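> Below is my_file_12.cif; it holds mmCIF, C-alpha atoms.
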data_start
loop_
_atom_site.label_atom_id
_atom_site.label_comp_id
_atom_site.auth_asym_id
_atom_site.auth_seq_id
_atom_site.Cartn_x
_atom_site.Cartn_y
_atom_site.Cartn_z
CA MET A 15 89.29 110.16 104.56
CA LYS A 16 92.74 111.47 105.35
CA LEU A 17 95.62 109.47 103.90
CA THR A 18 99.03 109.82 105.53
CA ILE A 19 101.82 109.11 103.08
CA PHE A 20 105.31 107.97 104.04
CA ASN A 21 107.54 108.31 101.01
CA GLY A 22 110.48 105.96 101.57
CA SER A 23 112.55 106.98 98.56
CA PRO A 24 116.08 108.09 99.43
CA ARG A 25 115.60 110.69 96.67
CA GLY A 26 112.72 112.25 98.62
CA GLU A 27 110.92 115.02 96.76
CA GLY A 28 112.79 114.32 93.53
CA SER A 29 111.85 110.64 93.48
CA ASN A 30 110.06 108.54 90.87
CA THR A 31 108.02 107.26 93.81
CA LYS A 32 106.68 110.79 94.31
CA VAL A 33 105.73 111.06 90.63
CA PHE A 34 103.55 107.94 90.86
CA LEU A 35 102.10 109.10 94.19
CA GLU A 36 101.14 112.48 92.77
CA HIS A 37 98.91 110.93 90.12
CA PHE A 38 97.36 108.55 92.64
CA LEU A 39 96.67 111.47 94.99
CA ASN A 40 95.21 113.67 92.23
CA GLY A 41 92.61 110.95 91.74
CA PHE A 42 92.19 110.36 95.46
CA THR A 43 91.39 114.00 96.24
CA GLN A 44 88.62 114.14 93.63
CA THR A 45 86.23 112.92 96.31
CA PRO A 46 85.20 115.91 98.47
CA GLY A 47 86.49 115.61 102.02
CA ASN A 48 89.51 113.49 101.09
CA SER A 49 92.91 114.91 102.01
CA PHE A 50 96.46 113.76 102.51
CA GLU A 51 99.75 114.67 104.14
CA ALA A 52 103.16 113.42 103.02
CA HIS A 53 106.32 112.72 105.01
CA TYR A 54 109.74 111.85 103.66
CA LEU A 55 111.62 109.03 105.34
CA LYS A 56 114.92 110.33 104.00
CA ASP A 57 114.76 112.66 107.04
CA THR A 58 115.95 109.81 109.26
CA ALA A 59 116.30 112.11 112.28
CA GLU A 60 112.49 112.51 112.17
CA HIS A 61 111.66 108.78 112.21
CA SER A 62 110.55 108.74 115.81
CA ARG A 63 108.16 111.64 115.22
CA PHE A 64 106.94 110.01 111.99
CA ALA A 65 106.23 106.79 113.91
CA GLY A 66 103.99 108.83 116.22
CA ILE A 67 102.17 110.26 113.20
CA PHE A 68 101.78 106.72 111.78
CA ASN A 69 100.15 105.71 115.03
CA GLN A 70 97.60 108.50 114.99
CA ALA A 71 96.77 108.25 111.30
CA GLU A 72 93.43 107.11 109.93
CA ALA A 73 94.89 105.48 106.81
CA VAL A 74 98.52 105.11 105.84
CA MET A 75 100.39 104.60 102.60
CA LEU A 76 104.02 103.48 102.63
CA ALA A 77 105.69 103.94 99.25
CA PHE A 78 109.24 103.14 98.22
CA PRO A 79 111.53 101.99 95.41
CA LEU A 80 112.98 98.47 95.40
CA TYR A 81 116.56 98.56 96.74
CA THR A 82 118.63 95.37 96.45
CA ASP A 83 115.51 93.19 96.29
CA ALA A 84 113.84 94.65 99.37
CA MET A 85 112.95 97.94 101.03
CA PRO A 86 115.62 100.71 101.17
CA GLY A 87 117.62 100.91 104.42
CA ILE A 88 115.79 104.08 105.49
CA VAL A 89 112.44 102.29 105.17
CA LYS A 90 113.71 99.35 107.23
CA ALA A 91 114.92 101.77 109.91
CA PHE A 92 111.47 103.41 110.00
CA ILE A 93 109.72 100.02 110.26
CA GLU A 94 111.94 99.24 113.27
CA GLU A 95 110.82 102.51 114.81
CA LEU A 96 107.20 101.29 114.63
CA ARG A 97 107.96 98.16 116.67
CA PRO A 98 107.51 99.51 120.19
CA ARG A 99 104.21 101.06 119.11
CA ILE A 100 102.46 97.93 117.86
CA ALA A 101 100.37 97.57 121.02
CA ALA A 102 99.10 101.12 120.60
CA VAL A 103 98.33 100.55 116.94
CA GLU A 104 96.25 97.53 117.90
CA SER A 105 93.82 99.69 119.81
CA GLN A 106 92.78 101.53 116.65
CA PRO A 107 93.11 99.32 113.57
CA LYS A 108 93.84 101.29 110.46
CA ARG A 109 94.10 100.67 106.73
CA VAL A 110 97.54 100.54 105.22
CA LEU A 111 98.43 100.36 101.59
CA PHE A 112 101.78 100.12 99.89
CA LEU A 113 103.42 101.19 96.67
CA VAL A 114 106.62 99.49 95.55
CA GLN A 115 108.21 100.52 92.29
CA SER A 116 111.29 99.10 90.66
CA GLY A 117 113.55 99.91 87.74
CA PHE A 118 113.30 96.32 86.55
CA PRO A 119 110.35 95.67 84.23
CA GLU A 120 109.21 92.34 85.72
CA ALA A 121 106.94 92.01 88.75
CA ILE A 122 108.80 88.89 89.96
CA GLN A 123 111.60 91.17 91.15
CA ILE A 124 109.19 92.73 93.68
CA GLU A 125 107.39 89.61 94.93
CA ALA A 126 109.56 88.89 97.96
CA VAL A 127 109.10 92.35 99.45
CA GLU A 128 105.42 92.21 98.55
CA GLN A 129 105.03 89.12 100.72
CA TYR A 130 107.01 90.89 103.43
CA LEU A 131 104.60 93.85 103.36
CA ILE A 132 101.50 91.66 103.62
CA LYS A 133 103.05 90.10 106.73
CA LEU A 134 104.13 93.51 108.01
CA ALA A 135 100.55 94.77 107.92
CA ARG A 136 99.53 91.78 110.07
CA ARG A 137 102.47 92.44 112.38
CA LEU A 138 101.31 96.03 112.84
CA CYS A 139 97.72 94.84 113.43
CA CYS A 140 96.65 96.89 110.43
CA GLU A 141 94.27 96.00 107.66
CA CYS A 142 96.16 95.73 104.36
CA ALA A 143 94.22 97.53 101.64
CA GLY A 144 96.60 96.27 98.97
CA ILE A 145 100.00 96.66 97.37
CA ILE A 146 100.60 98.59 94.18
CA VAL A 147 103.46 96.95 92.30
CA LYS A 148 105.00 98.94 89.47
CA GLY A 149 107.95 97.77 87.39
CA GLY A 150 109.97 99.85 84.94
CA GLY A 151 109.88 102.96 87.14
CA GLU A 152 113.43 104.20 86.58
CA GLY A 153 113.46 106.78 83.82
CA ILE A 154 109.75 107.58 84.23
CA GLN A 155 110.66 111.27 84.50
CA LEU A 156 112.46 111.09 81.15
CA MET A 157 109.88 109.13 79.16
CA PRO A 158 107.88 110.91 76.46
CA ALA A 159 104.41 112.13 77.42
CA HIS A 160 102.53 109.67 75.22
CA VAL A 161 104.15 106.77 77.11
CA THR A 162 103.59 108.14 80.58
CA ARG A 163 100.04 109.40 79.95
CA LYS A 164 98.64 105.86 80.07
CA ILE A 165 100.62 104.86 83.17
CA PHE A 166 99.74 108.04 85.05
CA GLY A 167 96.09 107.67 84.00
CA GLN A 168 96.05 104.24 85.64
CA PHE A 169 97.47 105.66 88.87
CA TYR A 170 94.91 108.50 88.78
CA SER A 171 92.01 106.07 88.35
CA LEU A 172 93.37 103.79 91.07
CA GLY A 173 93.54 106.76 93.45
CA GLU A 174 90.12 108.02 92.41
CA ILE A 175 88.45 104.66 93.11
CA PHE A 176 90.34 104.28 96.39
CA GLY A 177 89.14 107.73 97.36
CA GLN A 178 85.56 106.68 96.75
CA ASN A 179 85.35 103.23 98.31
CA ARG A 180 88.67 102.66 100.16
CA THR A 181 89.65 99.70 98.04
CA LEU A 182 92.25 99.29 95.32
CA ASP A 183 90.71 98.22 92.03
CA VAL A 184 91.93 94.71 91.26
CA GLN A 185 91.85 95.12 87.48
CA LEU A 186 93.85 98.34 87.60
CA LEU A 187 96.36 96.79 90.02
CA LYS A 188 96.84 93.97 87.53
CA LYS A 189 97.39 96.39 84.65
CA ILE A 190 99.91 98.47 86.60
CA ARG A 191 101.70 95.36 87.76
CA GLY A 192 102.34 94.16 84.19
CA MET A 193 104.06 90.90 83.46
CA LYS A 194 105.52 88.63 86.11
CA ARG A 195 108.37 87.52 83.85
CA PHE A 196 109.08 87.74 80.17
CA PRO A 197 107.22 85.00 78.32
CA ALA A 198 109.55 82.39 76.81
CA TRP A 199 108.92 83.48 73.21
CA MET A 200 110.16 86.96 74.02
CA LEU A 201 113.51 85.94 75.48
CA PRO A 202 115.69 85.56 72.41
CA GLY A 203 113.76 88.30 70.70
CA VAL A 204 114.19 91.73 69.27
CA TYR A 205 111.94 93.29 71.91
CA LEU A 206 114.39 92.61 74.72
CA MET A 207 117.36 93.72 72.66
CA LYS A 208 115.54 96.98 72.04
CA LEU A 209 114.71 97.30 75.73
CA THR A 210 118.25 96.71 76.98
CA GLY A 211 119.63 98.77 74.09
CA LEU A 212 117.41 101.68 75.07
CA MET A 213 118.55 101.44 78.68
CA ASP A 214 122.21 101.25 77.60
CA PHE A 215 121.65 104.37 75.52
CA PHE A 216 120.24 106.19 78.56
CA TRP A 217 123.18 105.24 80.80
CA ASN A 218 125.75 106.04 78.11
CA ALA A 219 124.23 109.48 77.53
CA LYS A 220 124.48 110.19 81.27
CA LEU A 221 128.06 108.89 81.43
CA LYS A 222 129.06 111.13 78.51
CA GLU A 223 127.32 114.11 80.08
CA ASN A 224 129.59 113.63 83.10
CA ASN A 225 132.76 112.98 81.04
CA ALA A 226 132.86 109.54 82.61
CA PHE A 227 132.10 107.35 79.57
CA ASP A 228 135.70 106.08 79.26
CA LEU A 229 135.68 105.15 82.93
CA ARG A 230 132.40 103.22 82.78
CA PHE A 231 133.98 99.80 83.39
CA ASP A 232 136.37 101.02 86.13
CA ARG A 233 137.14 98.63 88.98
CA PRO A 234 138.42 100.94 91.70
CA TYR A 235 138.51 98.21 94.35
CA ALA A 236 140.12 95.40 92.32
CA PRO A 237 143.47 94.35 93.86
CA GLU A 238 145.45 95.46 90.79
CA THR A 239 143.84 98.92 90.87
CA MET A 240 144.41 99.25 94.61
CA LYS A 241 148.12 98.42 94.07
CA ASP A 242 148.45 101.17 91.43
CA SER A 243 146.96 103.90 93.55
CA MET B 231 139.76 80.83 101.24
CA LYS B 232 138.54 84.14 102.57
CA ALA B 233 135.21 84.99 104.15
CA LEU B 234 133.86 88.37 105.06
CA ILE B 235 131.27 88.70 107.80
CA LEU B 236 129.01 91.73 107.56
CA TYR B 237 127.48 91.87 111.00
CA GLY B 238 124.59 94.27 111.55
CA SER B 239 123.58 94.20 115.18
CA LEU B 240 122.97 96.69 117.95
CA PHE B 241 123.07 94.06 120.64
CA GLU B 242 125.85 93.90 123.14
CA HIS B 243 128.38 91.15 123.16
CA GLY B 244 127.04 87.80 124.29
CA SER B 245 123.81 87.59 122.28
CA ASN B 246 122.81 84.25 120.73
CA LEU B 247 123.97 85.49 117.37
CA ASP B 248 127.31 86.59 118.81
CA VAL B 249 127.90 83.20 120.37
CA TYR B 250 126.84 81.35 117.22
CA LEU B 251 129.06 83.53 115.06
CA ASP B 252 132.05 82.96 117.36
CA ASN B 253 131.57 79.19 117.29
CA LEU B 254 131.02 79.13 113.54
CA SER B 255 134.10 81.32 112.98
CA GLN B 256 136.22 79.01 115.09
CA ARG B 257 135.08 75.97 113.12
CA MET B 258 135.65 77.77 109.81
CA MET B 259 139.20 78.72 110.83
CA GLN B 260 139.86 75.10 111.71
CA SER B 261 138.88 74.25 108.12
CA GLY B 262 141.41 76.76 106.85
CA TRP B 263 139.23 79.83 106.27
CA GLY B 264 140.57 83.32 106.79
CA LEU B 265 137.88 85.52 108.34
CA GLU B 266 137.25 89.20 108.70
CA ARG B 267 134.30 90.60 110.59
CA PHE B 268 132.84 94.11 110.29
CA HIS B 269 130.48 95.47 112.95
CA LEU B 270 128.31 97.61 110.73
CA ALA B 271 126.39 99.42 113.46
CA GLU B 272 129.67 100.79 114.84
CA MET B 273 130.90 102.00 111.47
CA ASN B 274 130.29 105.23 109.62
CA ILE B 275 128.09 104.03 106.76
CA HIS B 276 125.68 106.37 104.99
CA TYR B 277 122.36 105.31 103.57
CA CYS B 278 122.38 105.03 99.76
CA CYS B 279 120.83 108.25 98.46
CA GLY B 280 119.97 106.92 94.99
CA CYS B 281 122.10 109.53 93.18
CA TRP B 282 123.72 107.14 90.66
CA THR B 283 127.12 108.84 91.12
CA CYS B 284 128.59 105.31 91.33
CA TRP B 285 127.23 104.52 87.86
CA TRP B 286 127.53 107.70 85.86
CA LYS B 287 129.92 110.18 87.53
CA THR B 288 132.68 108.19 89.23
CA PRO B 289 131.98 104.68 87.96
CA GLY B 290 132.45 102.10 90.72
CA LYS B 291 132.87 104.71 93.47
CA CYS B 292 130.09 105.87 95.78
CA VAL B 293 129.50 109.57 96.38
CA PHE B 294 130.03 108.84 100.11
CA ARG B 295 133.65 108.11 100.92
CA ASP B 296 132.87 106.51 104.27
CA ASP B 297 133.68 103.20 105.96
CA MET B 298 132.27 101.27 103.00
CA GLU B 299 135.66 101.97 101.40
CA LYS B 300 137.11 99.45 103.88
CA ILE B 301 134.50 96.87 102.89
CA TYR B 302 134.45 97.09 99.06
CA PRO B 303 138.04 95.80 98.47
CA LYS B 304 137.35 92.89 100.82
CA ILE B 305 134.16 91.89 99.01
CA VAL B 306 135.78 91.76 95.58
CA THR B 307 138.54 89.46 96.84
CA ALA B 308 136.47 87.25 99.17
CA ASP B 309 135.17 83.76 98.41
CA LEU B 310 132.19 84.13 100.73
CA VAL B 311 130.27 87.04 102.26
CA ILE B 312 128.11 86.20 105.26
CA PHE B 313 125.29 88.70 105.85
CA THR B 314 124.36 88.39 109.47
CA ALA B 315 121.95 90.29 111.73
CA PRO B 316 119.14 89.74 114.16
CA LEU B 317 115.71 89.79 112.56
CA MET B 318 113.74 92.86 113.54
CA MET B 319 110.16 93.28 112.35
CA GLY B 320 110.67 90.24 110.15
CA PHE B 321 113.77 91.29 108.25
CA VAL B 322 117.48 91.85 108.84
CA HIS B 323 118.37 94.87 110.95
CA SER B 324 118.60 98.20 109.11
CA SER B 325 122.36 98.51 109.71
CA LEU B 326 122.78 95.45 107.46
CA LYS B 327 120.10 96.50 104.97
CA LYS B 328 121.72 99.89 104.39
CA THR B 329 125.05 98.14 103.78
CA MET B 330 123.37 95.88 101.23
CA ASP B 331 121.98 98.97 99.45
CA ARG B 332 125.53 100.23 99.13
CA LEU B 333 126.60 97.18 97.06
CA ILE B 334 125.36 98.89 93.90
CA PRO B 335 128.84 100.24 92.89
CA LEU B 336 129.87 96.60 92.45
CA ILE B 337 127.57 96.17 89.47
CA LEU B 338 127.26 98.06 86.17
CA PRO B 339 124.21 100.04 85.08
CA TYR B 340 123.90 97.90 81.95
CA ILE B 341 121.21 95.23 81.86
CA LYS B 342 121.34 91.74 80.41
CA ILE B 343 118.96 88.83 80.36
CA TYR B 344 120.14 86.32 82.96
CA ARG B 345 118.09 83.21 83.61
CA GLY B 346 115.19 84.75 81.74
CA GLU B 347 115.13 87.97 83.76
CA CYS B 348 116.65 91.45 83.63
CA HIS B 349 119.80 91.69 85.71
CA HIS B 350 122.82 93.97 85.77
CA TYR B 351 126.24 93.12 84.42
CA LEU B 352 128.83 92.71 87.16
CA ARG B 353 131.59 95.31 87.47
CA TYR B 354 134.12 92.79 88.80
CA ASP B 355 134.97 89.40 87.32
CA LYS B 356 133.13 87.41 89.92
CA MET B 357 131.22 87.90 93.11
CA PRO B 358 131.86 85.86 96.24
CA GLU B 359 129.17 83.41 97.25
CA PHE B 360 126.66 84.67 99.80
CA GLY B 361 125.48 83.23 103.08
CA VAL B 362 122.82 84.55 105.46
CA LEU B 363 122.73 84.03 109.20
CA VAL B 364 119.98 85.52 111.37
CA ALA B 365 118.76 85.38 114.93
CA LYS B 366 115.03 84.87 115.21
CA GLU B 367 112.65 87.22 117.01
CA PRO B 368 110.19 85.75 119.53
CA ASP B 369 107.43 85.79 116.87
CA THR B 370 109.49 84.58 113.89
CA ASP B 371 107.69 81.80 112.05
CA GLN B 372 108.30 79.68 108.94
CA GLU B 373 106.64 82.28 106.74
CA ASP B 374 109.11 84.98 107.89
CA LEU B 375 112.05 82.70 107.17
CA ALA B 376 110.64 81.80 103.74
CA ILE B 377 110.26 85.50 102.86
CA LEU B 378 113.77 86.26 104.11
CA SER B 379 115.18 83.39 102.10
CA LYS B 380 113.30 84.42 98.96
CA SER B 381 114.56 88.00 99.26
CA PHE B 382 118.20 86.91 99.63
CA GLN B 383 117.84 84.36 96.82
CA ARG B 384 116.81 87.30 94.64
CA LEU B 385 119.85 89.26 95.81
CA SER B 386 122.05 86.34 94.87
CA LEU B 387 120.37 86.12 91.47
CA ASN B 388 121.11 89.79 90.91
CA PHE B 389 124.76 89.26 91.81
CA GLN B 390 124.83 86.06 89.73
CA ASN B 391 126.45 83.96 92.42
CA ARG B 392 125.43 81.03 94.62
CA MET B 393 123.51 81.47 97.86
CA ALA B 394 125.42 78.98 99.98
CA PHE B 395 123.06 79.00 102.95
CA VAL B 396 120.27 80.84 104.77
CA ALA B 397 120.58 79.83 108.41
CA THR B 398 119.36 80.83 111.86
CA THR B 399 121.18 80.45 115.16
CA GLU B 400 119.19 77.22 115.54
CA THR B 401 120.71 75.63 112.43
CA PRO B 402 123.26 72.94 113.37
CA TYR B 403 126.83 74.18 112.74
CA GLU B 404 127.57 71.09 110.64
CA GLU B 405 124.81 71.98 108.19
CA VAL B 406 126.25 75.47 107.60
CA LEU B 407 129.85 74.20 107.49
CA ASN B 408 128.88 71.55 104.99
CA GLU B 409 127.59 74.23 102.61
CA ILE B 410 130.59 76.49 103.25
CA ASN B 411 133.05 73.69 102.53
CA HIS B 412 131.47 73.19 99.11
CA ILE B 413 132.83 76.58 98.08
#
Would it be possible to restate this file's structure as structure tokens?


Amino acid sequence: MKLTIFNGSPRGEGSNTKVFLEHFLNGFTQTPGNSFEAHYLKDTAEHSRFAGIFNQAEAVMLAFPLYTDAMPGIVKAFIEELRPRIAAVESQPKRVLFLVQSGFPEAIQIEAVEQYLIKLARRLCCECAGIIVKGGGEGIQLMPAHVTRKIFGQFYSLGEIFGQNRTLDVQLLKKIRGMKRFPAWMLPGVYLMKLTGLMDFFWNAKLKENNAFDLRFDRPYAPETMKDS
Amino acid sequence: MKALILYGSLFEHGSNLDVYLDNLSQRMMQSGWGLERFHLAEMNIHYCCGCWTCWWKTPGKCVFRDDMEKIYPKIVTADLVIFTAPLMMGFVHSSLKKTMDRLIPLILPYIKIYRGECHHYLRYDKMPEFGVLVAKEPDTDQEDLAILSKSFQRLSLNFQNRMAFVATTETPYEEVLNEINHI
């Protein structure tokens, strides 16, 4: 099977989305005869050509990060490009699968776009092979190896099984998806303080690196600021 | 009271959405609202490139100094922002979606627990309320509208404000005005 990947991250080749995809594809290509090609939707000038490639593909994977509770603008623009081609797609039904990853740790943040993608597959007359939902993706490239090893192993196995039988393993999907929301007992707890504290530490380190720490609460567009400038 | 209309449409003047928006605007002005409308598809607005410059290099300012600079000061002083666009492939047109992506400078990178979930702290004291107005496609069904509504409810949760309404051009004006006049 040949899998055609459309990476919808605005960060393109430097994206967290690509990191997750790589591990999935390493597993996928373990089966002899399996191959893939990847296209980057950040090249918006190429969307029309990409839509043609989508049409001809045997199996397609659309992967993107969550942007303001939905797909990034570039992904929406690409989906619009597919519209005039739906009739053609219908003539050769294909499998599509999706990967959505978000910086937020809870799966509930992704559920609306997940429902959108299930409907989108129907709209495109494609068979939806499943949606990989991954929370906590921001910072994946900075996490220590012992943390990422497990996550990447899950993506590898998911890809390997998909490469063998063209289905996404339900148990693995569930593991990757993680919790829908924090359970009630966790809310006032130390765990969340540690989590938000860790994230604050990450942002503060970056702000300091850029000599912007003192400016972190700036309000450049507040009326009083606009008056001053 | 001030409302900002972010209008993402490629259609020429005279579409259903255009007519609805004109009629709604007129009624809002009669109730004392000041309105400003931006035609996003005609403006120079870059796609968010995910660089985080607005969070960790020039806090609050996007790396792209484009027409969004006209929109940001209006958002932080408005009482209501109406996101409006025709639905295309089941969701708002990309010219509106890319503008929504560019709202990130209005929040801080820091996370807090809000209503039991992770959400960002706001950069400004308060956010205006949100409203959504769409024109249906020929194949739009209840499921599409439910998904749209859910997605925008999430957006509103992330900006910690009230979603005043999610309407289509078939929603009676009175229904929308009723919600708007609660603001």

> Hey, list the chain B side of the contact with chain A: 9 Å cut-off, all atoms listed in the file, answer as number ranges by chain.

B: 277-281, 285-291, 299, 302-307, 318-334, 336, 338-343, 346-349, 353-354, 373-374, 377-382, 384-385, 388

> Which residues fall under the PyMOL selection byres ((chain A and resi 180) around 12) in this file, as a PDB file with C-alpha atoms, in the frame of the given file?


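So the final result, stored in selection.pdb, reads:
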ATOM      1  CA  MET A  15      89.290 110.160 104.560  1.00  0.00           C
ATOM      2  CA  LYS A  16      92.740 111.470 105.350  1.00  0.00           C
ATOM      3  CA  LEU A  17      95.620 109.470 103.900  1.00  0.00           C
ATOM      4  CA  PHE A  42      92.190 110.360  95.460  1.00  0.00           C
ATOM      5  CA  THR A  45      86.230 112.920  96.310  1.00  0.00           C
ATOM      6  CA  ASN A  48      89.510 113.490 101.090  1.00  0.00           C
ATOM      7  CA  GLU A  72      93.430 107.110 109.930  1.00  0.00           C
ATOM      8  CA  ALA A  73      94.890 105.480 106.810  1.00  0.00           C
ATOM      9  CA  VAL A  74      98.520 105.110 105.840  1.00  0.00           C
ATOM     10  CA  LYS A 108      93.840 101.290 110.460  1.00  0.00           C
ATOM     11  CA  ARG A 109      94.100 100.670 106.730  1.00  0.00           C
ATOM     12  CA  VAL A 110      97.540 100.540 105.220  1.00  0.00           C
ATOM     13  CA  LEU A 111      98.430 100.360 101.590  1.00  0.00           C
ATOM     14  CA  GLU A 141      94.270  96.000 107.660  1.00  0.00           C
ATOM     15  CA  CYS A 142      96.160  95.730 104.360  1.00  0.00           C
ATOM     16  CA  ALA A 143      94.220  97.530 101.640  1.00  0.00           C
ATOM     17  CA  GLY A 144      96.600  96.270  98.970  1.00  0.00           C
ATOM     18  CA  LEU A 172      93.370 103.790  91.070  1.00  0.00           C
ATOM     19  CA  GLY A 173      93.540 106.760  93.450  1.00  0.00           C
ATOM     20  CA  GLU A 174      90.120 108.020  92.410  1.00  0.00           C
ATOM     21  CA  ILE A 175      88.450 104.660  93.110  1.00  0.00           C
ATOM     22  CA  PHE A 176      90.340 104.280  96.390  1.00  0.00           C
ATOM     23  CA  GLY A 177      89.140 107.730  97.360  1.00  0.00           C
ATOM     24  CA  GLN A 178      85.560 106.680  96.750  1.00  0.00           C
ATOM     25  CA  ASN A 179      85.350 103.230  98.310  1.00  0.00           C
ATOM     26  CA  THR A 181      89.650  99.700  98.040  1.00  0.00           C
ATOM     27  CA  LEU A 182      92.250  99.290  95.320  1.00  0.00           C
ATOM     28  CA  ASP A 183      90.710  98.220  92.030  1.00  0.00           C
TER      29      ASP A 183
END

> Atom CA of B:Ala271 to atom CA of B:Gly238: how many Å, to one decimal?

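Atom CA of B:Ala271 sits 5.8 Å away from atom CA of B:Gly238.
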
> Spell out the residues picked by the PyMOL selection byres ((chain B and resi 236) around 7) here, as a PyMOL selection string.

chain B and resi 234-235+237-238+267-270+312-314

> Near stretch 357-364 of chain B, counting all atoms listed in the file, which residues have an atom at most 7 Å away, once you skip same-chain residues fewer than 3 positions from it, shown as a VMD selection string?

chain B and resid 306 308 to 317 386 389 391 to 399

> Could you tell me which residues the PyMOL selection byres ((chain A and resi 69) around 9) returns for this structure, as a list in words?

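Those residues are Phe64, Ala65, Gly66, Ile67, Phe68, Gln70, Ala71, Glu72, Leu96, Arg99, Ile100, Ala102, Val103, Gln106 and Lys108 of chain A.
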
> Restricting the calculation to all atoms listed in the file, which member of B:Met259, B:Leu240, B:Leu387, B:Val293 is positioned closest to B:His276?

B:Val293

> Enter the distance from atom CA of A:Glu27 to atom CA of A:Ser116, in Å, rounded to one decimal.

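Going from atom CA of A:Glu27 over to atom CA of A:Ser116, I get 17.1 Å.
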
> Figure out the distance between atom CA of A:Gln115 and atom CA of A:Thr31, please, to one decimal in Å.

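Computing it gives 6.9 Å between the two atoms.
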
> Which residue is closest to A:Phe78? Choose from A:Gly22, A:Pro98, A:Gly149, A:Gly167 and count all atoms listed in the file.

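Result for the nearest residue to A:Phe78: A:Gly22.
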
> Just add N, CA, C and O atoms to stretch 270-282 of chain B and send it as a short mmCIF file (atom, residue, chain, number, x, y, z; two decimals), keeping the file's coordinate frame.


data_model
loop_
_atom_site.label_atom_id
_atom_site.label_comp_id
_atom_site.auth_asym_id
_atom_site.auth_seq_id
_atom_site.Cartn_x
_atom_site.Cartn_y
_atom_site.Cartn_z
N LEU B 270 128.85 96.53 111.54
CA LEU B 270 128.31 97.61 110.73
C LEU B 270 127.71 98.74 111.56
O LEU B 270 127.82 99.91 111.20
N ALA B 271 127.07 98.39 112.66
CA ALA B 271 126.39 99.42 113.46
C ALA B 271 127.39 100.37 114.13
O ALA B 271 127.03 101.47 114.54
N GLU B 272 128.65 99.92 114.21
CA GLU B 272 129.67 100.79 114.84
C GLU B 272 130.46 101.56 113.79
O GLU B 272 131.38 102.31 114.12
N MET B 273 130.13 101.34 112.53
CA MET B 273 130.90 102.00 111.47
C MET B 273 130.14 103.20 110.90
O MET B 273 128.93 103.31 111.07
N ASN B 274 130.89 104.06 110.25
CA ASN B 274 130.29 105.23 109.62
C ASN B 274 129.87 104.85 108.20
O ASN B 274 130.68 104.87 107.28
N ILE B 275 128.61 104.45 108.07
CA ILE B 275 128.09 104.03 106.76
C ILE B 275 126.81 104.82 106.47
O ILE B 275 125.84 104.74 107.21
N HIS B 276 126.86 105.58 105.38
CA HIS B 276 125.68 106.37 104.99
C HIS B 276 124.64 105.49 104.31
O HIS B 276 124.98 104.47 103.71
N TYR B 277 123.40 105.93 104.38
CA TYR B 277 122.36 105.31 103.57
C TYR B 277 122.60 105.67 102.11
O TYR B 277 122.99 106.80 101.81
N CYS B 278 122.34 104.72 101.20
CA CYS B 278 122.38 105.03 99.76
C CYS B 278 121.35 106.13 99.50
O CYS B 278 120.23 106.07 100.00
N CYS B 279 121.76 107.15 98.72
CA CYS B 279 120.83 108.25 98.46
C CYS B 279 120.26 108.19 97.05
O CYS B 279 119.55 109.09 96.63
N GLY B 280 120.58 107.12 96.32
CA GLY B 280 119.97 106.92 94.99
C GLY B 280 120.43 107.92 93.95
O GLY B 280 119.69 108.20 93.00
N CYS B 281 121.66 108.44 94.07
CA CYS B 281 122.10 109.53 93.18
C CYS B 281 122.73 109.03 91.89
O CYS B 281 122.94 109.81 90.97
N TRP B 282 123.08 107.74 91.85
CA TRP B 282 123.72 107.14 90.66
C TRP B 282 125.12 107.67 90.38
O TRP B 282 125.65 107.44 89.30
#
